[in-house]
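K.L.:
I'm passing along entry06.txt; it holds compact mmCIF, C-alpha atoms and all ligand atoms.
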```txt
# COMPACT_ATOMS: atom_id res chain seq x y z
CA MET J 1 -16.12 -10.18 -7.97
CA PRO J 2 -19.02 -8.09 -6.60
CA ASP J 3 -21.95 -7.50 -8.98
CA ALA J 4 -21.34 -3.80 -9.44
CA ASP J 5 -17.75 -4.53 -10.41
CA LYS J 6 -18.80 -7.15 -12.92
CA LYS J 7 -21.05 -4.62 -14.58
CA PHE J 8 -18.07 -2.49 -15.57
CA ALA J 9 -15.52 -5.31 -15.75
CA SER J 10 -13.50 -3.98 -18.67
CA LEU J 11 -12.90 -0.75 -16.78
CA CYS J 12 -10.95 -2.66 -14.12
CA ALA J 13 -7.83 -2.63 -16.31
CA TRP J 14 -8.15 1.17 -16.32
CA GLY J 15 -8.28 1.28 -12.52
CA TRP J 16 -11.98 0.82 -11.70
CA THR J 17 -12.09 -0.89 -8.29
CA GLU J 18 -14.55 -1.81 -5.59
CA ASP J 19 -13.58 1.47 -3.88
CA TRP J 20 -14.73 3.43 -6.93
CA VAL J 21 -17.93 1.39 -7.00
CA GLN J 22 -18.63 2.59 -3.46
CA VAL J 23 -17.88 6.21 -4.40
CA TRP J 24 -20.14 5.81 -7.43
CA LYS J 25 -22.98 4.63 -5.19
CA THR J 26 -22.69 7.63 -2.89
CA LEU J 27 -23.21 9.93 -5.88
CA SER J 28 -26.37 7.97 -6.82
CA PRO J 29 -26.21 8.83 -10.52
CA ALA J 30 -29.19 8.29 -12.83
CA PRO J 31 -29.49 4.68 -14.06
CA THR J 32 -28.62 5.75 -17.61
CA HIS J 33 -25.34 7.35 -16.47
CA ILE J 34 -22.09 5.40 -16.67
CA PRO J 35 -18.58 5.74 -15.22
CA ALA J 36 -15.71 6.71 -17.51
CA ARG J 37 -12.10 7.74 -17.05
CA VAL J 38 -10.45 10.74 -18.67
CA LEU J 39 -7.52 9.60 -20.85
CA ALA J 40 -6.62 12.93 -22.45
CA GLU J 41 -7.83 16.52 -22.56
CA GLN J 42 -8.45 18.10 -25.95
CA ARG J 43 -9.38 21.71 -26.54
CA ASP J 44 -13.14 21.19 -26.79
CA TYR J 45 -13.67 17.72 -25.42
CA LEU J 46 -12.16 14.88 -23.41
CA ASP J 47 -11.04 11.48 -24.59
CA VAL J 48 -12.54 9.03 -22.15
CA ILE J 49 -12.71 5.27 -21.73
CA THR J 50 -15.99 3.60 -20.84
CA ASN J 51 -16.83 -0.04 -20.28
CA ASP J 52 -17.72 -0.19 -23.98
CA GLY J 53 -14.52 1.41 -25.19
CA PRO J 54 -13.10 4.85 -25.92
CA GLN J 55 -15.28 7.82 -26.79
CA ARG J 56 -15.42 11.59 -26.63
CA ALA J 57 -17.02 13.42 -23.75
CA GLU J 58 -18.12 17.02 -23.67
CA ILE J 59 -17.96 19.33 -20.70
CA LYS J 60 -21.11 21.35 -20.53
CA GLY J 61 -23.57 22.91 -18.15
CA ARG J 62 -22.69 23.43 -14.53
CA LEU J 63 -19.16 22.00 -14.88
CA ARG J 64 -18.36 24.97 -17.13
CA LYS J 65 -19.22 27.36 -14.33
CA HIS J 66 -16.53 29.14 -12.37
CA GLY J 67 -15.48 27.24 -9.27
CA ALA J 68 -16.73 23.87 -10.51
CA VAL J 69 -14.30 20.95 -10.44
CA GLN J 70 -12.88 20.69 -13.95
CA PRO J 71 -12.42 17.11 -15.13
CA THR J 72 -8.77 16.40 -15.78
CA ILE J 73 -6.65 13.52 -17.00
CA GLY J 74 -6.98 10.53 -14.68
CA ASP J 75 -10.36 11.57 -13.29
CA TRP J 76 -13.26 9.20 -13.00
CA ILE J 77 -16.40 10.92 -14.25
CA VAL J 78 -20.12 10.41 -14.49
CA LEU J 79 -21.03 10.33 -18.17
CA ASP J 80 -24.63 10.95 -19.17
CA ASP J 81 -26.37 9.22 -22.07
CA SER J 82 -25.71 12.14 -24.42
CA GLY J 83 -21.93 11.89 -23.92
CA GLN J 84 -21.62 14.80 -21.52
CA VAL J 85 -19.73 14.91 -18.26
CA ASP J 86 -22.23 15.17 -15.44
CA ASP J 87 -19.90 14.97 -12.45
CA VAL J 88 -16.34 14.24 -11.33
CA LEU J 89 -15.74 11.55 -8.70
CA PRO J 90 -13.71 12.86 -5.74
CA ARG J 91 -10.00 12.40 -6.45
CA ARG J 92 -7.82 10.05 -4.42
CA THR J 93 -4.60 11.76 -5.42
CA CYS J 94 -3.67 14.64 -7.64
CA LEU J 95 -0.43 16.14 -8.78
CA ARG J 96 -0.58 19.92 -8.79
CA ARG J 97 1.42 22.96 -9.65
CA LYS J 98 0.78 26.66 -9.65
CA ALA J 99 -0.54 27.77 -13.00
CA ALA J 100 1.49 30.23 -15.06
CA GLY J 101 0.62 33.90 -15.31
CA GLU J 102 -0.83 36.40 -12.89
CA THR J 103 -2.92 33.97 -10.98
CA GLN J 104 -2.92 31.93 -7.83
CA ASP J 105 -4.69 29.13 -9.71
CA ILE J 106 -3.56 25.60 -9.25
CA GLN J 107 -3.12 23.46 -12.32
CA ILE J 108 -3.71 19.76 -11.92
CA LEU J 109 -1.26 17.67 -13.91
CA ALA J 110 -2.93 14.32 -13.33
CA SER J 111 -5.29 12.74 -10.85
CA ASN J 112 -5.83 9.32 -9.28
CA ILE J 113 -2.19 8.45 -9.80
CA ASP J 114 -0.59 5.52 -7.96
CA TRP J 115 2.98 6.14 -9.11
CA ILE J 116 4.88 9.27 -9.94
CA PHE J 117 7.95 8.43 -12.00
CA ILE J 118 10.49 11.20 -11.71
CA THR J 119 12.67 10.73 -14.75
CA THR J 120 16.14 12.12 -15.18
CA SER J 121 18.91 11.23 -17.53
CA LEU J 122 22.38 11.00 -16.13
CA ASN J 123 23.82 13.70 -18.31
CA LYS J 124 23.58 17.46 -17.88
CA ASP J 125 19.95 17.04 -16.93
CA PHE J 126 20.84 15.44 -13.61
CA ASN J 127 20.03 17.96 -10.92
CA PRO J 128 19.46 16.93 -7.30
CA ARG J 129 17.58 20.10 -6.40
CA ARG J 130 15.11 19.74 -9.23
CA ILE J 131 14.54 16.14 -8.20
CA GLU J 132 13.95 17.38 -4.68
CA ARG J 133 11.23 19.76 -5.83
CA PHE J 134 9.54 17.00 -7.82
CA LEU J 135 9.66 14.89 -4.66
CA VAL J 136 8.01 17.63 -2.63
CA ALA J 137 5.15 17.88 -5.13
CA ALA J 138 4.78 14.11 -5.10
CA ARG J 139 4.56 14.03 -1.31
CA ASP J 140 1.83 16.65 -1.55
CA SER J 141 -0.31 14.60 -3.94
CA GLY J 142 -2.65 12.86 -1.48
CA VAL J 143 -6.20 14.22 -1.43
CA ASN J 144 -8.49 11.52 -0.09
CA GLY J 145 -5.86 9.23 1.34
CA PRO J 146 -2.11 8.75 1.08
CA PRO J 147 -0.02 10.44 -1.62
CA SER J 148 1.13 8.69 -4.78
CA LYS J 149 4.20 6.49 -4.49
CA VAL J 150 7.37 7.76 -6.12
CA ALA J 151 10.08 6.07 -8.11
CA LEU J 152 13.16 7.77 -9.47
CA ILE J 153 13.89 6.59 -12.99
CA PHE J 154 17.34 7.16 -14.42
CA THR J 155 17.13 7.05 -18.22
CA LYS J 156 19.65 6.31 -20.97
CA SER J 157 21.84 4.14 -18.73
CA ASP J 158 23.44 2.77 -21.94
CA LEU J 159 25.27 6.07 -22.43
CA GLY J 160 27.33 5.42 -19.33
CA LEU J 161 27.75 9.15 -18.91
CA PHE J 162 27.31 9.21 -15.20
CA ASP J 163 27.98 6.82 -12.41
CA ILE J 164 24.61 5.65 -11.12
CA ASP J 165 25.97 4.82 -7.67
CA ALA J 166 27.52 8.27 -7.44
CA ALA J 167 24.16 9.79 -8.38
CA LYS J 168 22.42 7.76 -5.69
CA THR J 169 25.00 8.80 -3.14
CA GLU J 170 24.48 12.44 -4.05
CA LEU J 171 20.73 12.04 -3.58
CA GLN J 172 20.83 9.79 -0.57
CA ASP J 173 19.23 11.92 2.14
CA ARG J 174 16.57 13.11 -0.28
CA LEU J 175 15.60 9.65 -1.44
CA ASN J 176 14.83 7.93 1.86
CA ASP J 177 13.46 4.61 0.77
CA ILE J 178 12.06 5.43 -2.64
CA THR J 179 12.54 3.02 -5.52
CA VAL J 180 15.33 3.83 -7.95
CA ILE J 181 15.53 2.13 -11.35
CA ALA J 182 18.16 2.69 -14.02
CA THR J 183 16.68 2.14 -17.47
CA SER J 184 17.61 2.15 -21.10
CA THR J 185 15.22 1.82 -24.01
CA ARG J 186 18.25 0.91 -26.13
CA THR J 187 19.43 -2.10 -24.11
CA GLY J 188 16.14 -2.83 -22.32
CA ALA J 189 17.83 -2.43 -18.93
CA GLY J 190 15.41 -1.86 -16.05
CA LEU J 191 12.28 -2.14 -18.19
CA THR J 192 11.10 -5.36 -16.54
CA ASP J 193 11.52 -3.78 -13.10
CA LEU J 194 9.65 -0.69 -14.25
CA ARG J 195 6.81 -2.77 -15.68
CA LYS J 196 6.57 -4.75 -12.44
CA LEU J 197 5.98 -1.61 -10.38
CA ILE J 198 2.74 -0.75 -12.14
CA LYS J 199 0.27 -3.40 -11.08
CA ILE J 200 -2.88 -4.08 -13.08
CA GLY J 201 -5.35 -1.25 -12.47
CA GLN J 202 -2.67 1.15 -11.21
CA THR J 203 -1.73 4.38 -12.93
CA ALA J 204 1.70 5.94 -13.29
CA VAL J 205 2.80 9.27 -14.71
CA PHE J 206 6.18 10.31 -16.09
CA LEU J 207 7.58 13.65 -14.98
CA GLY J 208 10.83 15.14 -16.17
CA THR J 209 12.47 17.68 -18.41
CA SER J 210 12.16 17.57 -22.17
CA GLY J 211 14.36 15.00 -23.87
CA VAL J 212 15.02 12.68 -20.93
CA GLY J 213 13.20 9.90 -22.75
CA LYS J 214 9.72 9.77 -21.19
CA SER J 215 7.90 9.00 -24.44
CA SER J 216 10.54 6.42 -25.39
CA LEU J 217 9.83 4.65 -22.09
CA VAL J 218 6.08 4.84 -22.71
CA ASN J 219 6.55 3.20 -26.11
CA ALA J 220 8.72 0.52 -24.53
CA LEU J 221 6.10 -0.17 -21.85
CA ILE J 222 3.16 -0.36 -24.24
CA GLN J 223 5.32 -2.19 -26.79
CA HIS J 224 4.23 0.09 -29.56
CA ASP J 225 5.72 3.20 -31.16
CA THR J 226 2.65 5.31 -30.46
CA GLN J 227 4.32 8.36 -28.96
CA VAL J 228 6.51 10.51 -31.16
CA VAL J 229 10.08 10.88 -29.89
CA SER J 230 12.74 13.15 -31.27
CA GLU J 231 16.45 13.74 -31.00
CA SER J 232 17.67 16.15 -28.35
CA ARG J 233 19.58 19.18 -29.58
CA SER J 234 23.10 18.10 -30.39
CA ASP J 235 24.80 21.22 -29.02
CA ASP J 236 23.46 21.22 -25.47
CA ASP J 237 21.57 17.95 -25.17
CA LYS J 238 18.27 19.71 -24.36
CA GLY J 239 15.00 18.21 -25.56
CA ARG J 240 12.74 19.75 -28.19
CA HIS J 241 9.45 19.63 -26.30
CA THR J 242 8.23 16.88 -28.60
CA THR J 243 5.27 15.80 -26.48
CA THR J 244 2.81 18.67 -26.18
CA GLY J 245 -0.15 17.12 -24.35
CA ARG J 246 -0.78 14.54 -21.68
CA SER J 247 -2.26 11.18 -22.63
CA SER J 248 -2.87 7.77 -21.07
CA PHE J 249 -2.05 4.32 -22.38
CA LEU J 250 -2.85 0.80 -21.29
CA ILE J 251 0.19 -1.39 -20.68
CA PRO J 252 -0.39 -4.93 -21.99
CA GLY J 253 -0.83 -7.09 -18.88
CA GLY J 254 -0.14 -4.10 -16.63
CA GLY J 255 -1.55 -0.76 -15.56
CA VAL J 256 -1.98 2.64 -17.12
CA ILE J 257 0.86 4.98 -18.04
CA ILE J 258 0.54 8.73 -18.62
CA ASP J 259 3.03 10.52 -20.84
CA SER J 260 3.44 14.23 -20.24
CA PRO J 261 5.28 17.12 -21.87
CA GLY J 262 8.72 18.05 -20.57
CA ILE J 263 8.53 20.09 -17.42
CA ARG J 264 11.35 21.83 -15.59
CA GLU J 265 9.62 23.05 -12.49
CA LEU J 266 6.55 22.00 -10.57
CA GLN J 267 5.97 24.98 -8.34
CA LEU J 268 6.01 27.57 -11.06
CA ALA J 269 5.36 30.89 -9.44
CA ASP J 270 3.83 33.85 -11.18
CA GLY J 271 5.69 34.79 -14.35
CA THR J 272 8.57 32.36 -14.12
CA VAL J 273 7.61 30.79 -17.41
CA LYS J 274 8.73 33.92 -19.22
CA ILE J 275 11.91 34.12 -17.16
CA GLU J 276 12.62 30.50 -17.90
CA GLU J 277 12.24 31.04 -21.61
CA GLU J 278 14.41 34.11 -21.73
CA PHE J 279 16.98 33.18 -19.13
CA SER J 280 17.11 29.41 -19.20
CA ASP J 281 20.92 29.48 -18.95
CA ILE J 282 20.74 31.46 -15.71
CA GLU J 283 17.90 29.42 -14.28
CA ASP J 284 19.94 26.30 -15.01
CA LEU J 285 22.95 27.76 -13.25
CA ALA J 286 20.87 28.90 -10.30
CA LEU J 287 19.71 25.34 -9.71
CA ASN J 288 23.28 24.67 -8.60
CA CYS J 289 23.35 27.45 -6.01
CA LYS J 290 23.76 26.15 -2.51
CA PHE J 291 20.66 27.88 -1.16
CA THR J 292 17.21 27.61 -2.76
CA ASN J 293 16.50 31.26 -1.91
CA CYS J 294 19.88 32.48 -3.21
CA ARG J 295 19.76 36.14 -4.32
CA HIS J 296 23.01 35.62 -6.25
CA GLU J 297 24.67 38.49 -4.41
CA THR J 298 27.24 37.45 -1.81
CA GLU J 299 25.84 34.11 -0.73
CA LYS J 300 28.16 31.20 -0.15
CA GLY J 301 28.09 28.58 -2.89
CA CYS J 302 26.37 30.84 -5.43
CA ALA J 303 26.78 29.23 -8.85
CA ILE J 304 26.01 32.49 -10.63
CA GLN J 305 28.72 34.46 -8.87
CA ALA J 306 31.09 31.60 -9.63
CA ALA J 307 30.21 31.74 -13.34
CA LEU J 308 30.69 35.53 -13.35
CA LYS J 309 34.10 35.09 -11.78
CA VAL J 310 35.34 32.63 -14.38
CA GLY J 311 33.76 34.72 -17.14
CA SER J 312 31.32 32.09 -18.43
CA LEU J 313 28.42 34.44 -17.64
CA ASP J 314 28.05 38.03 -18.75
CA SER J 315 27.43 40.61 -16.00
CA ASP J 316 24.88 42.52 -18.17
CA ARG J 317 22.89 39.39 -18.56
CA ILE J 318 22.64 38.70 -14.85
CA GLU J 319 21.64 42.35 -14.25
CA SER J 320 18.72 42.16 -16.69
CA TYR J 321 17.74 38.83 -15.21
CA LYS J 322 17.61 40.32 -11.71
CA LYS J 323 15.63 43.29 -12.98
CA LEU J 324 12.98 41.12 -14.62
CA LYS J 325 12.83 38.88 -11.59
CA SER J 326 12.22 41.78 -9.19
CA GLU J 327 9.51 43.17 -11.51
CA ILE J 328 7.75 39.85 -11.43
CA GLU J 329 8.04 39.63 -7.65
CA ALA J 330 6.63 43.14 -7.26
CA LYS J 331 3.72 42.22 -9.50
CA ALA J 332 3.10 39.02 -7.58
CA SER J 333 2.93 40.81 -4.25
CA ARG J 334 0.47 43.36 -5.71
CA VAL J 335 -1.74 40.52 -6.87
CA LYS J 336 -1.61 38.91 -3.44
CA LYS J 337 -2.69 42.10 -1.68
CA HIS J 338 -5.91 42.34 -3.72
N1 LIG L 1 20.94 6.60 -25.70
C1 LIG L 1 19.66 6.59 -25.38
N2 LIG L 1 18.83 7.50 -25.95
C2 LIG L 1 17.52 7.47 -25.62
C3 LIG L 1 17.00 6.54 -24.68
N3 LIG L 1 15.68 6.77 -24.53
C4 LIG L 1 15.38 7.81 -25.34
N4 LIG L 1 16.49 8.23 -25.99
C5 LIG L 1 16.57 9.34 -26.96
O1 LIG L 1 16.35 10.57 -26.30
C6 LIG L 1 15.70 11.49 -27.18
C7 LIG L 1 14.47 12.08 -26.50
O2 LIG L 1 13.55 11.05 -26.24
P1 LIG L 1 11.98 11.31 -25.97
O3 LIG L 1 11.39 10.01 -25.59
O4 LIG L 1 11.36 12.04 -27.11
O5 LIG L 1 12.06 12.29 -24.71
P2 LIG L 1 10.85 12.97 -23.88
O6 LIG L 1 11.25 12.96 -22.46
O7 LIG L 1 9.56 12.32 -24.23
O8 LIG L 1 10.88 14.47 -24.43
P3 LIG L 1 9.66 15.56 -24.48
O9 LIG L 1 8.49 14.91 -25.14
O10 LIG L 1 10.24 16.67 -25.29
O11 LIG L 1 9.39 15.97 -23.07
C8 LIG L 1 15.39 10.69 -28.44
O12 LIG L 1 16.39 10.96 -29.39
C9 LIG L 1 15.47 9.26 -27.99
O13 LIG L 1 15.79 8.38 -29.03
C10 LIG L 1 17.91 5.58 -24.11
O14 LIG L 1 17.57 4.72 -23.30
N5 LIG L 1 19.22 5.67 -24.50
MG MG L 2 7.82 13.07 -24.97
ZN ZN L 3 23.13 32.14 -6.35
```
Output the file's structure in the form of structure tokens.
Ligand SMILES: Nc1nc2c(ncn2[C@@H]2O[C@H](COP(=O)(O)OP(=O)(O)OP(=O)(O)O)[C@@H](O)[C@H]2O)c(=O)[nH]1
Ligand SMILES: [Mg+2]
Ligand SMILES: [Zn+2]
P.N.:
Amino acid sequence: MPDADKKFASLCAWGWTEDWVQVWKTLSPAPTHIPARVLAEQRDYLDVITNDGPQRAEIKGRLRKHGAVQPTIGDWIVLDDSGQVDDVLPRRTCLRRKAAGETQDIQILASNIDWIFITTSLNKDFNPRRIERFLVAARDSGVNGPPSKVALIFTKSDLGLFDIDAAKTELQDRLNDITVIATSTRTGAGLTDLRKLIKIGQTAVFLGTSGVGKSSLVNALIQHDTQVVSESRSDDDKGRHTTTGRSSFLIPGGGVIIDSPGIRELQLADGTVKIEEEFSDIEDLALNCKFTNCRHETEKGCAIQAALKVGSLDSDRIESYKKLKSEIEAKASRVKKH
């Protein structure tokens, strides 16, 4: 082990490598400054891990200024001797999405990630087009180097609600050669395979809708009931958005796992959060339309027109949905012109 590595040996489990040592050197930080990794973001501070253990770090000074790189979960940072973040080491990978609201800002969901675990249960949550969009975001995650690797994790295999081979067949051309693991926290199926993927020093993040069982898998991996889990709604099987923030955990004998709140879409455009809240039934239906850019008018394979036809969707409701959607689009194009 090189000397510099030895100096911060206990950070190696958290992903500190010889490569980071080299990056560290190029920043030539003051001798009193130390490397740390961001494990969670709180409102006024960050939870970080240093070679001496966990501590809080404050973001002050020039990093507060507009345009500065904001430290985010997964980042390696330069921590000064008063517990303040002095700098952010350039990211290897980061998982991004457009931030909500009238902005073109990009929100970073996690950085320096080796594995993106796209989780889906094999019940009503299973949706090939959503998986496809998660895959696109994953492919786009490389910053300084290749993108994060992706595995598709089927959850709750014990329920036997859906044929896993049928699901794979449906996804085939989208999957290429990515790893697929069927898991159950009830029977333990697939957990060994999942654990094996995350090598010591690597970091993985769970992505998926609320209630698919991300936190349950985190607890299984870290062998401790740290993350709160809660029952999905009994009527429609949707989750309750139990996890509200992102946080990182060390897997005994393995790497780092990040739990994240349920997320339905990665490329959230301006205003769609509101639409999603108010019209989640329609947005769900629309995911089954044949074309991603379906206007739900006369297109072939439109799931919304089909629902109108059989009477499971009210025509007033789709009209108000379209109205709101066109308002948002008009607003978005005004913002862009500025
Ligand atoms: N049958 C079965 N139920 C499971 C399994 N894993 C999790 N669940 C249940 O699914 C529900 C949701 O689990 P969570 O782990 O809270 O789901 P989550 O993805 O973290 O949800 P959010 O935090 O809301 O995003 C809970 O009732 C769990 O007990 C499984 O393997 N099999
Ligand atoms: Mg959760
Ligand atoms: Zn449609």
K.L.:
Counting all atoms listed in the file, which residues in chain J sit no more than 9 Å from ligand LIG 1 (chain L)? For each one, give the nearest pair of atoms and the distance in Å, sorted by chain then residue number, as CSV.
P.N.:
```
residue,atom,partner,partner_atom,distance
J:Thr119,CA,L:LIG1,O6,8.2
J:Thr120,CA,L:LIG1,O6,8.8
J:Ser121,CA,L:LIG1,C10,8.7
J:Thr155,CA,L:LIG1,O14,5.6
J:Lys156,CA,L:LIG1,O14,3.5
J:Ser157,CA,L:LIG1,O14,6.3
J:Asp158,CA,L:LIG1,N5,5.7
J:Leu159,CA,L:LIG1,N1,5.5
J:Thr183,CA,L:LIG1,O14,6.4
J:Ser184,CA,L:LIG1,O14,3.4
J:Thr185,CA,L:LIG1,O14,3.8
J:Arg186,CA,L:LIG1,O14,4.8
J:Thr187,CA,L:LIG1,O14,7.1
J:Gly188,CA,L:LIG1,O14,7.7
J:Ala189,CA,L:LIG1,O14,8.4
J:Phe206,CA,L:LIG1,O6,8.6
J:Leu207,CA,L:LIG1,O6,8.4
J:Gly208,CA,L:LIG1,O6,6.7
J:Thr209,CA,L:LIG1,O11,5.8
J:Ser210,CA,L:LIG1,O11,3.3
J:Gly211,CA,L:LIG1,O8,3.6
J:Val212,CA,L:LIG1,O6,4.1
J:Gly213,CA,L:LIG1,O5,3.3
J:Lys214,CA,L:LIG1,O6,3.8
J:Ser215,CA,L:LIG1,O7,3.7
J:Ser216,CA,L:LIG1,O3,3.7
J:Leu217,CA,L:LIG1,O3,6.6
J:Val218,CA,L:LIG1,O3,8.0
J:Asn219,CA,L:LIG1,O3,8.4
J:Gln227,CA,L:LIG1,O3,8.0
J:Val228,CA,L:LIG1,O4,6.5
J:Val229,CA,L:LIG1,O4,3.3
J:Ser230,CA,L:LIG1,O4,4.5
J:Glu231,CA,L:LIG1,O12,3.2
J:Ser232,CA,L:LIG1,C6,5.2
J:Arg233,CA,L:LIG1,O12,8.8
J:Asp237,CA,L:LIG1,C6,9.0
J:Lys238,CA,L:LIG1,O10,8.6
J:Gly239,CA,L:LIG1,O10,5.0
J:Arg240,CA,L:LIG1,O10,4.9
J:His241,CA,L:LIG1,O10,3.2
J:Thr242,CA,L:LIG1,O10,3.9
J:Thr243,CA,L:LIG1,O9,3.6
J:Thr244,CA,L:LIG1,O9,6.9
J:Gly245,CA,L:LIG1,O9,9.0
J:Asp259,CA,L:LIG1,O7,7.6
J:Ser260,CA,L:LIG1,O11,6.8
J:Pro261,CA,L:LIG1,O11,4.4
J:Gly262,CA,L:LIG1,O11,3.3
J:Ile263,CA,L:LIG1,O11,7.0
```
K.L.:
Counting all atoms listed in the file, which protein, DNA or RNA residues come within 9 Å of ligand ZN 3 (chain L), given as a list in words?
P.N.:
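Residues lying within 9 Å of ligand ZN 3 (chain L): Leu285, Ala286, Leu287, Asn288, Cys289, Lys290, Phe291, Thr292, Asn293, Cys294, Arg295, His296, Glu297, Thr298, Glu299, Lys300, Gly301, Cys302, Ala303, Ile304, Gln305 and Ala306 of chain J.
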K.L.:
Set the distance at 12 Å and use only C-alpha atoms: which residues neighbour Leu95 (chain J) once local chain neighbours fewer than 2 positions away are removed? I'd like the list as a ChimeraX atom specification.
P.N.:
/J:72-75,91-93,97-98,106-117,134-143,147-150,204-207,266-267
K.L.:
Point out the residue among J:Ile178, J:Asp314, J:Asp225, J:Asp19 with the least atom-to-atom distance to ligand MG 2 (chain L), counting only C-alpha atoms and all ligand atoms.
P.N.:
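Among the listed residues, J:Asp225 lies closest to ligand MG 2 (chain L).
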K.L.:
Rank J:Ala36, J:Leu122, J:His224, J:Ile49 by their smallest atom-to-atom distance to Asp87 (chain J), using all atoms listed in the file, and report the top residue only.
P.N.:
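Closest to Asp87 (chain J), using all atoms listed in the file: J:Ala36.
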K.L.:
Do you know which residues lie at most 12 Å from (-22.2, 2.9, -19.6), with coordinates as in the file and all atoms listed in the file counted, and could you write them as a PDB file with C-alpha atoms, in the frame of the given file?
P.N.:
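point-v4.pdb was written with the following content:
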```
ATOM      1  CA  LYS J   7     -21.050  -4.620 -14.580  1.00  0.00           C
ATOM      2  CA  PHE J   8     -18.070  -2.490 -15.570  1.00  0.00           C
ATOM      3  CA  ALA J   9     -15.520  -5.310 -15.750  1.00  0.00           C
ATOM      4  CA  SER J  10     -13.500  -3.980 -18.670  1.00  0.00           C
ATOM      5  CA  LEU J  11     -12.900  -0.750 -16.780  1.00  0.00           C
ATOM      6  CA  PRO J  29     -26.210   8.830 -10.520  1.00  0.00           C
ATOM      7  CA  ALA J  30     -29.190   8.290 -12.830  1.00  0.00           C
ATOM      8  CA  PRO J  31     -29.490   4.680 -14.060  1.00  0.00           C
ATOM      9  CA  THR J  32     -28.620   5.750 -17.610  1.00  0.00           C
ATOM     10  CA  HIS J  33     -25.340   7.350 -16.470  1.00  0.00           C
ATOM     11  CA  ILE J  34     -22.090   5.400 -16.670  1.00  0.00           C
ATOM     12  CA  PRO J  35     -18.580   5.740 -15.220  1.00  0.00           C
ATOM     13  CA  ALA J  36     -15.710   6.710 -17.510  1.00  0.00           C
ATOM     14  CA  ARG J  37     -12.100   7.740 -17.050  1.00  0.00           C
ATOM     15  CA  VAL J  48     -12.540   9.030 -22.150  1.00  0.00           C
ATOM     16  CA  ILE J  49     -12.710   5.270 -21.730  1.00  0.00           C
ATOM     17  CA  THR J  50     -15.990   3.600 -20.840  1.00  0.00           C
ATOM     18  CA  ASN J  51     -16.830  -0.040 -20.280  1.00  0.00           C
ATOM     19  CA  ASP J  52     -17.720  -0.190 -23.980  1.00  0.00           C
ATOM     20  CA  GLY J  53     -14.520   1.410 -25.190  1.00  0.00           C
ATOM     21  CA  PRO J  54     -13.100   4.850 -25.920  1.00  0.00           C
ATOM     22  CA  GLN J  55     -15.280   7.820 -26.790  1.00  0.00           C
ATOM     23  CA  ILE J  77     -16.400  10.920 -14.250  1.00  0.00           C
ATOM     24  CA  VAL J  78     -20.120  10.410 -14.490  1.00  0.00           C
ATOM     25  CA  LEU J  79     -21.030  10.330 -18.170  1.00  0.00           C
ATOM     26  CA  ASP J  80     -24.630  10.950 -19.170  1.00  0.00           C
ATOM     27  CA  ASP J  81     -26.370   9.220 -22.070  1.00  0.00           C
ATOM     28  CA  SER J  82     -25.710  12.140 -24.420  1.00  0.00           C
ATOM     29  CA  GLY J  83     -21.930  11.890 -23.920  1.00  0.00           C
TER      30      GLY J  83
END
```
K.L.:
What separation in Å, quoted to one decimal, exists between CA of Leu197 (chain J) and CA of Glu41 (chain J)?
P.N.:
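Calculated distance between CA of Leu197 (chain J) and CA of Glu41 (chain J) is 25.8 Å.
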K.L.:
Could you work out an axis-aligned bounding box for all listed atoms of region 306-318 of chain J, with 3 Å added on each of the six sides, and give its centre and edge lengths in Å to one decimal, as lines of an AutoDock Vina configuration file?
P.N.:
```
center_x = 29.0
center_y = 37.1
center_z = -14.2
size_x = 18.7
size_y = 16.9
size_z = 15.1
```
K.L.:
For CA of Lys168 (chain J) and CA of Val180 (chain J), quote the distance in Å rounded to one decimal.
P.N.:
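Interatomic distance here is 8.4 Å.
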K.L.:
So how far away is CA of Ser248 (chain J) from CA of Ala182 (chain J), in Å?
P.N.:
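Separation of CA of Ala182 (chain J) and CA of Ser248 (chain J): 22.8 Å.
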K.L.:
Can you tell me which residues surround Arg174 (chain J) at a distance of at most 12 Å, considering all atoms listed in the file, apart from same-chain residues fewer than 3 positions away, and format the answer as a compact mmCIF listing (two decimals) with C-alpha atoms, in the coordinates of the input?
P.N.:
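And here is the file that came out, out-v8.txt:
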```
# COMPACT_ATOMS: atom_id res chain seq x y z
CA PRO J 128 19.46 16.93 -7.30
CA ARG J 129 17.58 20.10 -6.40
CA ARG J 130 15.11 19.74 -9.23
CA ILE J 131 14.54 16.14 -8.20
CA GLU J 132 13.95 17.38 -4.68
CA ARG J 133 11.23 19.76 -5.83
CA PHE J 134 9.54 17.00 -7.82
CA LEU J 135 9.66 14.89 -4.66
CA VAL J 136 8.01 17.63 -2.63
CA LEU J 152 13.16 7.77 -9.47
CA ALA J 167 24.16 9.79 -8.38
CA LYS J 168 22.42 7.76 -5.69
CA THR J 169 25.00 8.80 -3.14
CA GLU J 170 24.48 12.44 -4.05
CA LEU J 171 20.73 12.04 -3.58
CA ASP J 177 13.46 4.61 0.77
CA ILE J 178 12.06 5.43 -2.64
```
K.L.:
For each of J:Leu250, J:Ala57, J:Ile258, J:Ala166, take the minimum atom-to-atom distance to ligand MG 2 (chain L), counting all atoms listed in the file, then give the residue where this is smallest.
P.N.:
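Ranking J:Leu250, J:Ala57, J:Ile258, J:Ala166 by distance to ligand MG 2 (chain L), first place goes to J:Ile258.
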